[in-house]
$ cat work33.tsv   # TSV, C-alpha atoms and all ligand atoms
chain	number	residue	atom	x	y	z
N	1	MET	CA	11.55	17.14	19.18
N	2	THR	CA	9.35	17.28	16.10
N	3	ARG	CA	5.84	16.62	17.31
N	4	PHE	CA	3.34	16.83	14.45
N	5	ILE	CA	4.14	15.68	10.90
N	6	LEU	CA	1.89	16.23	7.89
N	7	GLY	CA	2.06	13.58	5.15
N	8	ILE	CA	0.81	13.92	1.57
N	9	ASP	CA	0.35	11.23	-1.09
N	10	THR	CA	-0.85	12.11	-4.59
N	11	SER	CA	0.89	9.27	-6.44
N	12	CYS	CA	-2.16	8.06	-8.35
N	13	ASP	CA	-5.88	8.82	-8.09
N	14	ASP	CA	-6.27	9.39	-4.34
N	15	THR	CA	-5.53	12.73	-2.69
N	16	GLY	CA	-4.29	11.55	0.71
N	17	VAL	CA	-3.33	13.76	3.64
N	18	GLY	CA	-2.53	12.47	7.12
N	19	LEU	CA	-1.15	13.76	10.40
N	20	VAL	CA	0.92	11.84	12.91
N	21	GLU	CA	2.11	12.76	16.35
N	22	CYS	CA	5.55	11.66	17.58
N	23	LEU	CA	5.11	10.67	21.21
N	24	PRO	CA	7.70	11.31	23.94
N	25	GLY	CA	8.46	7.59	24.46
N	26	GLY	CA	9.42	7.15	20.78
N	27	GLY	CA	6.03	5.92	19.59
N	28	VAL	CA	3.80	7.45	16.94
N	29	ALA	CA	0.05	8.00	16.75
N	30	VAL	CA	-2.08	8.76	13.70
N	31	ARG	CA	-4.10	11.90	14.46
N	32	ALA	CA	-5.82	12.30	11.07
N	33	ASN	CA	-6.21	10.42	7.81
N	34	ARG	CA	-8.25	12.01	5.01
N	35	VAL	CA	-8.44	10.54	1.52
N	36	TRP	CA	-10.31	12.02	-1.42
N	37	SER	CA	-10.80	9.20	-3.95
N	38	GLN	CA	-11.29	10.47	-7.47
N	39	THR	CA	-14.34	9.12	-9.26
N	40	VAL	CA	-13.83	10.84	-12.62
N	41	HIS	CA	-11.84	7.85	-13.96
N	42	ALA	CA	-14.66	5.28	-13.63
N	43	GLN	CA	-16.13	6.22	-17.02
N	44	TYR	CA	-12.80	5.39	-18.73
N	45	GLY	CA	-12.17	2.03	-17.03
N	46	GLY	CA	-8.72	3.14	-15.84
N	47	VAL	CA	-6.87	6.13	-14.38
N	48	MET	CA	-6.45	9.07	-16.80
N	49	PRO	CA	-3.16	10.69	-15.67
N	50	GLU	CA	-3.91	14.27	-16.72
N	51	LEU	CA	-7.34	14.22	-15.10
N	52	ALA	CA	-5.77	12.81	-11.92
N	53	SER	CA	-3.30	15.73	-11.74
N	54	ARG	CA	-6.05	18.31	-12.21
N	55	GLU	CA	-8.25	16.76	-9.53
N	56	HIS	CA	-5.31	16.76	-7.08
N	57	VAL	CA	-4.78	20.48	-7.76
N	58	GLU	CA	-8.44	21.19	-7.07
N	59	ARG	CA	-8.66	19.06	-3.93
N	60	ILE	CA	-5.39	19.18	-2.10
N	61	ASP	CA	-5.95	22.39	-0.18
N	62	SER	CA	-9.32	21.29	1.18
N	63	VAL	CA	-8.04	17.79	2.08
N	64	VAL	CA	-5.18	19.39	4.06
N	65	GLY	CA	-7.76	21.58	5.80
N	66	GLU	CA	-9.91	18.55	6.64
N	67	ALA	CA	-6.92	16.66	8.07
N	68	LEU	CA	-5.93	19.60	10.29
N	69	LYS	CA	-9.53	19.91	11.46
N	70	GLU	CA	-9.76	16.19	12.23
N	71	ALA	CA	-6.61	16.46	14.37
N	72	GLY	CA	-7.70	19.74	15.98
N	73	LEU	CA	-4.51	21.43	14.79
N	74	SER	CA	-3.51	24.45	12.74
N	75	LEU	CA	-0.69	24.84	10.21
N	76	ARG	CA	1.48	26.51	12.87
N	77	ASP	CA	1.50	23.27	14.89
N	78	LEU	CA	3.36	21.36	12.16
N	79	GLY	CA	6.98	20.44	12.85
N	80	ALA	CA	7.71	18.77	9.49
N	81	VAL	CA	6.06	17.98	6.16
N	82	ALA	CA	6.52	14.78	4.12
N	83	ALA	CA	5.25	14.06	0.60
N	84	THR	CA	5.59	11.18	-1.86
N	85	SER	CA	8.17	11.84	-4.57
N	86	GLY	CA	7.78	8.48	-6.35
N	87	PRO	CA	7.04	6.06	-7.80
N	88	GLY	CA	3.73	7.06	-9.38
N	89	LEU	CA	2.19	9.21	-12.09
N	90	VAL	CA	4.58	12.13	-12.51
N	91	GLY	CA	1.94	14.82	-12.98
N	92	ALA	CA	-0.03	13.56	-9.99
N	93	LEU	CA	3.07	13.23	-7.79
N	94	LEU	CA	4.16	16.77	-8.65
N	95	VAL	CA	1.01	18.27	-7.13
N	96	GLY	CA	1.55	16.83	-3.64
N	97	LEU	CA	5.32	17.20	-3.80
N	98	MET	CA	5.21	20.89	-4.74
N	99	TYR	CA	2.44	21.60	-2.26
N	100	GLY	CA	4.44	19.87	0.50
N	101	LYS	CA	7.67	21.68	-0.33
N	102	GLY	CA	5.90	25.04	-0.52
N	103	LEU	CA	4.15	24.47	2.78
N	104	ALA	CA	7.37	23.40	4.53
N	105	GLN	CA	9.20	26.44	3.20
N	106	ALA	CA	6.42	28.84	4.17
N	107	LEU	CA	6.31	27.40	7.69
N	108	GLY	CA	10.10	27.17	8.01
N	109	VAL	CA	10.00	23.45	8.87
N	110	PRO	CA	11.97	20.52	7.37
N	111	PHE	CA	10.67	18.71	4.30
N	112	TYR	CA	11.03	14.96	3.70
N	113	ALA	CA	10.48	13.35	0.29
N	114	ALA	CA	9.06	9.86	0.86
N	115	HIS	CA	9.12	6.69	-1.22
N	116	HIS	CA	5.59	5.42	-1.85
N	117	LEU	CA	6.45	1.80	-1.00
N	118	GLU	CA	8.32	2.81	2.15
N	119	GLY	CA	5.11	4.63	3.03
N	120	HIS	CA	3.06	1.46	2.51
N	121	ILE	CA	5.49	-0.43	4.79
N	122	TYR	CA	5.47	2.25	7.50
N	123	ALA	CA	1.66	2.28	7.47
N	124	ALA	CA	2.06	-0.72	9.80
N	125	ALA	CA	3.95	1.49	12.30
N	126	SER	CA	0.49	2.78	13.25
N	127	GLU	CA	0.06	-0.53	15.09
N	128	GLU	CA	3.51	-1.52	16.36
N	129	ALA	CA	7.03	-0.10	16.26
N	130	LEU	CA	8.86	-1.60	13.26
N	131	GLU	CA	12.20	-2.85	14.54
N	132	PRO	CA	14.48	-4.52	11.95
N	133	PRO	CA	15.21	-7.19	11.05
N	134	TYR	CA	11.90	-8.07	9.40
N	135	LEU	CA	10.40	-9.09	6.07
N	136	ALA	CA	8.08	-6.63	4.34
N	137	LEU	CA	5.49	-7.88	1.86
N	138	VAL	CA	3.88	-5.06	-0.13
N	139	VAL	CA	0.74	-6.30	-1.87
N	140	SER	CA	-0.97	-3.46	-3.69
N	141	GLY	CA	-2.54	-2.54	-7.02
N	142	GLY	CA	0.85	-2.16	-8.69
N	143	HIS	CA	3.27	-4.19	-6.56
N	144	THR	CA	3.82	-7.61	-5.06
N	145	HIS	CA	7.25	-7.07	-3.56
N	146	LEU	CA	8.95	-9.00	-0.78
N	147	PHE	CA	11.77	-7.11	0.94
N	148	ASP	CA	14.23	-8.20	3.57
N	149	VAL	CA	14.83	-5.27	5.91
N	150	ALA	CA	18.01	-6.06	7.85
N	151	ARG	CA	18.52	-2.49	9.06
N	152	GLU	CA	16.40	0.67	9.24
N	153	GLY	CA	16.02	2.12	5.72
N	154	GLU	CA	17.88	-0.75	3.97
N	155	TYR	CA	15.69	-2.77	1.66
N	156	GLN	CA	16.74	-5.87	-0.21
N	157	LEU	CA	14.24	-7.11	-2.78
N	158	ILE	CA	14.14	-10.89	-2.44
N	159	GLY	CA	11.00	-11.64	-4.45
N	160	ALA	CA	8.46	-9.97	-6.72
N	161	THR	CA	5.66	-10.81	-9.08
N	162	LYS	CA	6.69	-12.02	-12.51
N	163	ASP	CA	3.51	-10.67	-14.10
N	164	ASP	CA	0.42	-9.12	-12.48
N	165	ALA	CA	0.43	-7.53	-9.03
N	166	ALA	CA	-1.76	-9.24	-6.42
N	167	GLY	CA	-4.29	-6.37	-6.31
N	168	GLU	CA	-4.39	-6.21	-10.09
N	169	ALA	CA	-5.26	-9.93	-10.16
N	170	PHE	CA	-8.08	-9.41	-7.65
N	171	ASP	CA	-9.38	-6.54	-9.81
N	172	LYS	CA	-9.21	-8.54	-13.06
N	173	VAL	CA	-10.82	-11.68	-11.63
N	174	ALA	CA	-13.59	-9.56	-10.10
N	175	ARG	CA	-14.18	-7.95	-13.47
N	176	LEU	CA	-14.42	-11.23	-15.37
N	177	ALA	CA	-16.72	-12.63	-12.68
N	178	GLY	CA	-18.91	-9.52	-13.00
N	179	LEU	CA	-18.33	-8.55	-9.36
N	180	GLY	CA	-17.46	-4.87	-9.90
N	181	TYR	CA	-14.61	-2.54	-8.96
N	182	PRO	CA	-12.46	-2.28	-6.89
N	183	GLY	CA	-12.09	-6.01	-7.15
N	184	GLY	CA	-10.41	-6.79	-3.82
N	185	PRO	CA	-13.30	-5.88	-1.55
N	186	ALA	CA	-15.81	-7.33	-4.08
N	187	ILE	CA	-14.00	-10.69	-4.19
N	188	SER	CA	-13.61	-10.94	-0.43
N	189	GLU	CA	-17.32	-10.24	0.09
N	190	ALA	CA	-18.45	-12.70	-2.61
N	191	ALA	CA	-16.02	-15.29	-1.22
N	192	LEU	CA	-18.03	-15.40	2.02
N	193	ARG	CA	-20.94	-16.93	0.05
N	194	GLY	CA	-18.87	-19.17	-2.24
N	195	ASP	CA	-17.29	-22.62	-2.05
N	196	PRO	CA	-13.46	-22.47	-2.10
N	197	ASP	CA	-13.32	-26.09	-3.32
N	198	ALA	CA	-15.56	-25.43	-6.33
N	199	VAL	CA	-12.84	-24.31	-8.77
N	200	PRO	CA	-9.44	-26.03	-8.70
N	201	PHE	CA	-6.40	-23.74	-9.10
N	202	LYS	CA	-2.82	-24.91	-9.57
N	203	GLU	CA	-0.27	-23.41	-7.22
N	204	PRO	CA	1.81	-20.79	-9.13
N	205	LEU	CA	5.61	-21.38	-9.38
N	206	ARG	CA	5.30	-24.61	-7.44
N	207	GLY	CA	8.72	-26.02	-6.60
N	208	GLN	CA	10.62	-22.73	-7.10
N	209	THR	CA	13.62	-22.16	-4.84
N	210	GLY	CA	13.30	-18.35	-4.93
N	211	TYR	CA	10.56	-16.13	-3.49
N	212	ASP	CA	8.77	-14.79	-6.55
N	213	PHE	CA	5.06	-14.61	-7.21
N	214	SER	CA	2.89	-15.07	-10.30
N	215	PHE	CA	-0.80	-14.41	-10.78
N	216	SER	CA	-1.31	-14.70	-14.54
N	217	GLY	CA	-1.90	-18.47	-14.35
N	218	LEU	CA	-4.58	-18.00	-11.69
N	219	LYS	CA	-6.17	-15.28	-13.81
N	220	THR	CA	-6.29	-17.50	-16.91
N	221	ALA	CA	-7.69	-20.41	-14.88
N	222	ALA	CA	-10.36	-18.06	-13.49
N	223	LEU	CA	-11.27	-16.92	-17.01
N	224	LEU	CA	-11.62	-20.52	-18.25
N	225	ALA	CA	-13.68	-21.50	-15.20
N	226	SER	CA	-15.92	-18.49	-15.68
N	227	ARG	CA	-16.51	-19.42	-19.34
N	228	ALA	CA	-17.27	-22.96	-18.24
N	229	GLY	CA	-20.04	-21.58	-16.03
N	230	ALA	CA	-18.48	-21.32	-12.56
N	231	LYS	CA	-20.64	-19.27	-10.19
N	232	PRO	CA	-19.11	-15.84	-9.38
N	233	ASP	CA	-19.21	-16.49	-5.62
N	234	ASP	CA	-17.47	-19.88	-6.02
N	235	LEU	CA	-14.91	-18.36	-8.35
N	236	ALA	CA	-14.22	-15.59	-5.82
N	237	ALA	CA	-13.82	-18.02	-2.91
N	238	SER	CA	-11.57	-20.40	-4.86
N	239	PHE	CA	-9.41	-17.63	-6.38
N	240	GLN	CA	-9.01	-15.86	-3.04
N	241	ARG	CA	-7.87	-19.06	-1.37
N	242	ALA	CA	-5.30	-19.74	-4.11
N	243	ALA	CA	-3.99	-16.14	-4.08
N	244	VAL	CA	-3.73	-16.08	-0.28
N	245	HIS	CA	-2.03	-19.48	-0.24
N	246	THR	CA	0.75	-18.48	-2.64
N	247	LEU	CA	1.40	-15.17	-0.82
N	248	VAL	CA	1.57	-16.76	2.62
N	249	LYS	CA	3.49	-19.91	1.65
N	250	THR	CA	6.24	-18.02	-0.21
N	251	THR	CA	6.63	-15.44	2.55
N	252	VAL	CA	6.82	-18.09	5.27
N	253	ARG	CA	9.45	-20.00	3.28
N	254	ALA	CA	11.53	-16.81	2.97
N	255	ALA	CA	11.16	-16.05	6.68
N	256	GLU	CA	12.34	-19.53	7.59
N	257	ALA	CA	15.30	-19.44	5.22
N	258	LEU	CA	16.43	-16.00	6.40
N	259	GLY	CA	15.64	-16.55	10.07
N	260	ARG	CA	13.18	-13.65	10.22
N	261	THR	CA	10.39	-13.89	12.78
N	262	THR	CA	8.56	-10.63	12.01
N	263	VAL	CA	6.66	-9.90	8.78
N	264	VAL	CA	5.06	-6.59	7.84
N	265	VAL	CA	2.22	-7.05	5.32
N	266	SER	CA	0.90	-3.86	3.72
N	267	GLY	CA	-0.70	-2.33	0.61
N	268	GLY	CA	-4.36	-2.56	-0.41
N	269	VAL	CA	-4.52	-6.37	-0.47
N	270	ALA	CA	-3.40	-6.42	3.19
N	271	ALA	CA	-6.98	-5.36	3.99
N	272	ASN	CA	-8.11	-8.85	2.91
N	273	ARG	CA	-9.50	-10.75	5.90
N	274	ALA	CA	-8.66	-14.21	4.56
N	275	LEU	CA	-5.05	-13.09	4.03
N	276	ARG	CA	-4.89	-11.70	7.57
N	277	ARG	CA	-6.32	-14.91	9.01
N	278	ALA	CA	-3.87	-17.08	7.05
N	279	PHE	CA	-0.86	-14.99	8.13
N	280	GLY	CA	-2.20	-15.03	11.70
N	281	ALA	CA	-1.99	-18.84	11.68
N	282	THR	CA	1.67	-18.99	10.61
N	283	GLY	CA	3.18	-18.52	14.05
N	284	LEU	CA	5.19	-15.53	12.78
N	285	ARG	CA	4.79	-12.08	14.33
N	286	VAL	CA	2.78	-10.37	11.59
N	287	VAL	CA	2.12	-6.61	11.59
N	288	PHE	CA	-0.60	-5.09	9.40
N	289	PRO	CA	-1.49	-1.40	8.92
N	290	GLY	CA	-4.36	-0.03	10.99
N	291	GLN	CA	-7.80	0.57	9.53
N	292	GLY	CA	-7.89	2.88	6.52
N	293	LEU	CA	-4.10	2.67	6.10
N	294	ASN	CA	-3.84	-0.29	3.68
N	295	THR	CA	-4.70	1.49	0.44
N	296	ASP	CA	-3.03	4.79	-0.57
N	297	ASN	CA	-3.17	7.48	2.11
N	298	GLY	CA	-1.18	10.40	3.49
N	299	ALA	CA	-0.82	9.12	7.06
N	300	MET	CA	1.55	6.38	5.85
N	301	ILE	CA	3.75	9.09	4.30
N	302	ALA	CA	3.74	11.03	7.58
N	303	LEU	CA	4.72	7.76	9.33
N	304	ALA	CA	7.61	7.28	6.86
N	305	GLY	CA	8.62	10.88	7.59
N	306	ALA	CA	8.52	10.18	11.34
N	307	ALA	CA	10.78	7.13	10.82
N	308	ALA	CA	13.24	9.23	8.78
N	309	ILE	CA	13.39	11.83	11.53
N	310	ARG	CA	13.83	9.18	14.23
N	311	ALA	CA	16.64	7.58	12.21
N	312	GLY	CA	18.37	10.96	12.00
N	313	ARG	CA	18.07	11.21	8.21
N	314	ALA	CA	18.67	14.69	6.78
N	315	PRO	CA	15.68	16.57	5.34
N	316	SER	CA	15.34	16.46	1.56
N	317	PRO	CA	16.63	19.33	-0.58
N	318	LEU	CA	13.80	21.43	-1.97
N	319	GLY	CA	15.08	20.64	-5.46
N	320	VAL	CA	14.00	17.00	-5.16
N	321	GLY	CA	11.89	15.96	-8.15
N	322	ALA	CA	9.05	13.53	-8.86
N	323	GLN	CA	10.03	10.10	-10.19
N	324	ALA	CA	7.71	7.81	-12.12
N	325	TYR	CA	10.09	4.87	-11.72
N	326	ALA	CA	11.92	4.60	-8.42
N	327	PRO	CA	12.91	1.15	-7.14
N	328	LEU	CA	13.16	0.99	-3.34
N	329	ALA	CA	15.90	-1.62	-3.59
N	330	GLY	CA	17.82	-3.60	-6.17
X	401	LIG	N1	-10.13	-6.59	0.89
X	401	LIG	C1	-9.30	-6.65	-0.14
X	401	LIG	N2	-8.87	-7.85	-0.62
X	401	LIG	C2	-8.03	-7.94	-1.67
X	401	LIG	N3	-7.57	-6.86	-2.33
X	401	LIG	C3	-7.96	-5.65	-1.92
X	401	LIG	C4	-8.83	-5.47	-0.80
X	401	LIG	N4	-9.04	-4.13	-0.63
X	401	LIG	C5	-8.34	-3.51	-1.61
X	401	LIG	N5	-7.69	-4.41	-2.38
X	401	LIG	C6	-6.88	-4.15	-3.58
X	401	LIG	O1	-5.86	-3.24	-3.28
X	401	LIG	C7	-5.50	-2.55	-4.47
X	401	LIG	C8	-5.31	-1.08	-4.17
X	401	LIG	O2	-4.28	-0.96	-3.22
X	401	LIG	P1	-3.30	0.29	-3.15
X	401	LIG	O3	-4.11	1.55	-3.05
X	401	LIG	O4	-2.34	0.03	-2.08
X	401	LIG	O5	-2.62	0.15	-4.57
X	401	LIG	P2	-2.04	1.25	-5.51
X	401	LIG	O6	-1.63	2.40	-4.70
X	401	LIG	O7	-3.02	1.44	-6.61
X	401	LIG	O8	-0.75	0.53	-6.10
X	401	LIG	P3	0.79	0.86	-5.82
X	401	LIG	O9	0.92	1.27	-4.40
X	401	LIG	O10	1.45	-0.43	-6.10
X	401	LIG	O11	1.13	1.94	-6.77
X	401	LIG	C9	-6.59	-2.81	-5.50
X	401	LIG	O12	-6.07	-3.66	-6.48
X	401	LIG	C10	-7.69	-3.48	-4.66
X	401	LIG	O13	-8.45	-4.42	-5.40
X	402	MG	MG	-0.12	2.53	-3.32
$ encode --input "work33.tsv" --output "structure tokens"
Amino acid sequence: MTRFILGIDTSCDDTGVGLVECLPGGGVAVRANRVWSQTVHAQYGGVMPELASREHVERIDSVVGEALKEAGLSLRDLGAVAATSGPGLVGALLVGLMYGKGLAQALGVPFYAAHHLEGHIYAAASEEALEPPYLALVVSGGHTHLFDVAREGEYQLIGATKDDAAGEAFDKVARLAGLGYPGGPAISEAALRGDPDAVPFKEPLRGQTGYDFSFSGLKTAALLASRAGAKPDDLAASFQRAAVHTLVKTTVRAAEALGRTTVVVSGGVAANRALRRAFGATGLRVVFPGQGLNTDNGAMIALAGAAAIRAGRAPSPLGVGAQAYAPLAG
């Protein structure tokens, strides 16, 4: 049995390396999770792809070393290596993918290419075994995707954002309210001091029969309220409540229609306390990633690798390439 799996994610501006242990009873445990978050992009107001690739090259070796140290392991203990192959910035992805393939080949262990969103979903396996069927809501900086997972590894996209991703909306509203970056944590902190009734927001896509999401209307309403003099804390509290409401209501409606009783909620926005509280009150069994596993990290990729091994999937050919665009499901 494969015991220790190293996972690498370099899809954007975080160099993430994690280690998981496959336990004899079929469970998994995260043994290390090290993330180097690049700061070089702050001066540009957005991620500069070429700079991201170069920083990954400079950092990856030391982040792998830190992860092994945290777990008290050496390279020889590894039974498999997994790395993100897409979606993401191609140059950035290539660094982790090539490093992972090279390491697996040098050690003579299997290599698994992982899908970034499958990684976000499997981040929740750090807390509980993910047994299909379940719904998976990925709410991150680039995605707001609702999947129905009827069987292991089979993803059906049943809803997605029509415009901004949830995390992107948190970031933009935080910016216009002058609350700083990254916006998610800034909004949730400011919301503690604000009045959620202060700024009225209309529910996006009210009355829809599908399970899509939309955040551009909330963003515009936030901009108008800010110009009209709304206090940043009130804006944060009111926006957060509206964003959480639409995410939870749509997901619950989908769960009821499809007869699903378990929902996995992951991606950076899943760190939001108000969102966790609201999902906790739905009566559904809701599984969130453990601490430090919501935003991009390597442990979630090692967890996806562990799931692939458990499901008996074949290792990836070493010719597998990086993909900027790679839908998980149709
Ligand atoms: N407590 C929080 N509340 C709300 N949003 C949050 C919180 N913490 C982080 N976020 C948001 O999560 C996002 C980052 O998440 P993540 O790292 O999963 O996204 P990403 O990897 O950039 O996007 P993708 O995975 O779609 O490519 C940011 O938009 C950030 O504002
Ligand atoms: Mg991500």
$ atom_distance --input "work33.tsv" --atom1 "atom CA of N:Leu93" --atom2 "atom CA of N:Ala165"
21.0 Å
$ residues_near_ligand --input "work33.tsv" --ligand "ligand LIG 401 (chain X)" --cutoff "9 Å" --atoms "only C-alpha atoms and all ligand atoms" --output "compact mmCIF listing (two decimals) with C-alpha atoms, in the coordinates of the input"
# COMPACT_ATOMS: atom_id res chain seq x y z
CA SER N 11 0.89 9.27 -6.44
CA CYS N 12 -2.16 8.06 -8.35
CA ASP N 13 -5.88 8.82 -8.09
CA ASP N 14 -6.27 9.39 -4.34
CA PRO N 87 7.04 6.06 -7.80
CA GLY N 88 3.73 7.06 -9.38
CA HIS N 116 5.59 5.42 -1.85
CA LEU N 117 6.45 1.80 -1.00
CA HIS N 120 3.06 1.46 2.51
CA VAL N 138 3.88 -5.06 -0.13
CA VAL N 139 0.74 -6.30 -1.87
CA SER N 140 -0.97 -3.46 -3.69
CA GLY N 141 -2.54 -2.54 -7.02
CA GLY N 142 0.85 -2.16 -8.69
CA HIS N 143 3.27 -4.19 -6.56
CA THR N 144 3.82 -7.61 -5.06
CA ALA N 165 0.43 -7.53 -9.03
CA ALA N 166 -1.76 -9.24 -6.42
CA GLY N 167 -4.29 -6.37 -6.31
CA GLU N 168 -4.39 -6.21 -10.09
CA ALA N 169 -5.26 -9.93 -10.16
CA PHE N 170 -8.08 -9.41 -7.65
CA ASP N 171 -9.38 -6.54 -9.81
CA LYS N 172 -9.21 -8.54 -13.06
CA ALA N 174 -13.59 -9.56 -10.10
CA TYR N 181 -14.61 -2.54 -8.96
CA PRO N 182 -12.46 -2.28 -6.89
CA GLY N 183 -12.09 -6.01 -7.15
CA GLY N 184 -10.41 -6.79 -3.82
CA PRO N 185 -13.30 -5.88 -1.55
CA ALA N 186 -15.81 -7.33 -4.08
CA ILE N 187 -14.00 -10.69 -4.19
CA SER N 188 -13.61 -10.94 -0.43
CA GLU N 189 -17.32 -10.24 0.09
CA GLN N 240 -9.01 -15.86 -3.04
CA SER N 266 0.90 -3.86 3.72
CA GLY N 267 -0.70 -2.33 0.61
CA GLY N 268 -4.36 -2.56 -0.41
CA VAL N 269 -4.52 -6.37 -0.47
CA ALA N 270 -3.40 -6.42 3.19
CA ALA N 271 -6.98 -5.36 3.99
CA ASN N 272 -8.11 -8.85 2.91
CA ARG N 273 -9.50 -10.75 5.90
CA ALA N 274 -8.66 -14.21 4.56
CA LEU N 275 -5.05 -13.09 4.03
CA LEU N 293 -4.10 2.67 6.10
CA ASN N 294 -3.84 -0.29 3.68
CA THR N 295 -4.70 1.49 0.44
CA ASP N 296 -3.03 4.79 -0.57
CA ASN N 297 -3.17 7.48 2.11
$ atom_distance --input "work33.tsv" --atom1 "atom CA of N:Ala307" --atom2 "atom CA of N:Ser37"
26.2 Å
$ atom_distance --input "work33.tsv" --atom1 "atom CA of N:His115" --atom2 "atom CA of N:Ala136"
14.5 Å
$ residues_around --input "work33.tsv" --residues "N:Lys69" --least-positions-apart "2" --cutoff "12 Å" --atoms "only C-alpha atoms" --output "MDAnalysis selection string"
chainID N and resid 17:19 31:34 62:67 71:75
$ residues_around --input "work33.tsv" --residues "N:Lys249" --least-positions-apart "2" --cutoff "12 Å" --atoms "only C-alpha atoms" --output "ChimeraX atom specification"
/N:203-208,210-213,241-247,251-256,275,278-279,281-282
$ residues_around --input "work33.tsv" --residues "N:Val286" --least-positions-apart "6" --cutoff "9 Å" --atoms "all atoms listed in the file" --output "number ranges by chain"
N: 261-265, 276, 279-280
$ write_last_selection --input "work33.tsv" --atoms "C-alpha atoms" --output "mmCIF file, in the coordinates of the input"
data_model
loop_
_atom_site.group_PDB
_atom_site.id
_atom_site.type_symbol
_atom_site.label_atom_id
_atom_site.label_comp_id
_atom_site.auth_asym_id
_atom_site.auth_seq_id
_atom_site.Cartn_x
_atom_site.Cartn_y
_atom_site.Cartn_z
ATOM 1 C CA THR N 261 10.390 -13.890 12.780
ATOM 2 C CA THR N 262 8.560 -10.630 12.010
ATOM 3 C CA VAL N 263 6.660 -9.900 8.780
ATOM 4 C CA VAL N 264 5.060 -6.590 7.840
ATOM 5 C CA VAL N 265 2.220 -7.050 5.320
ATOM 6 C CA ARG N 276 -4.890 -11.700 7.570
ATOM 7 C CA PHE N 279 -0.860 -14.990 8.130
ATOM 8 C CA GLY N 280 -2.200 -15.030 11.700
#
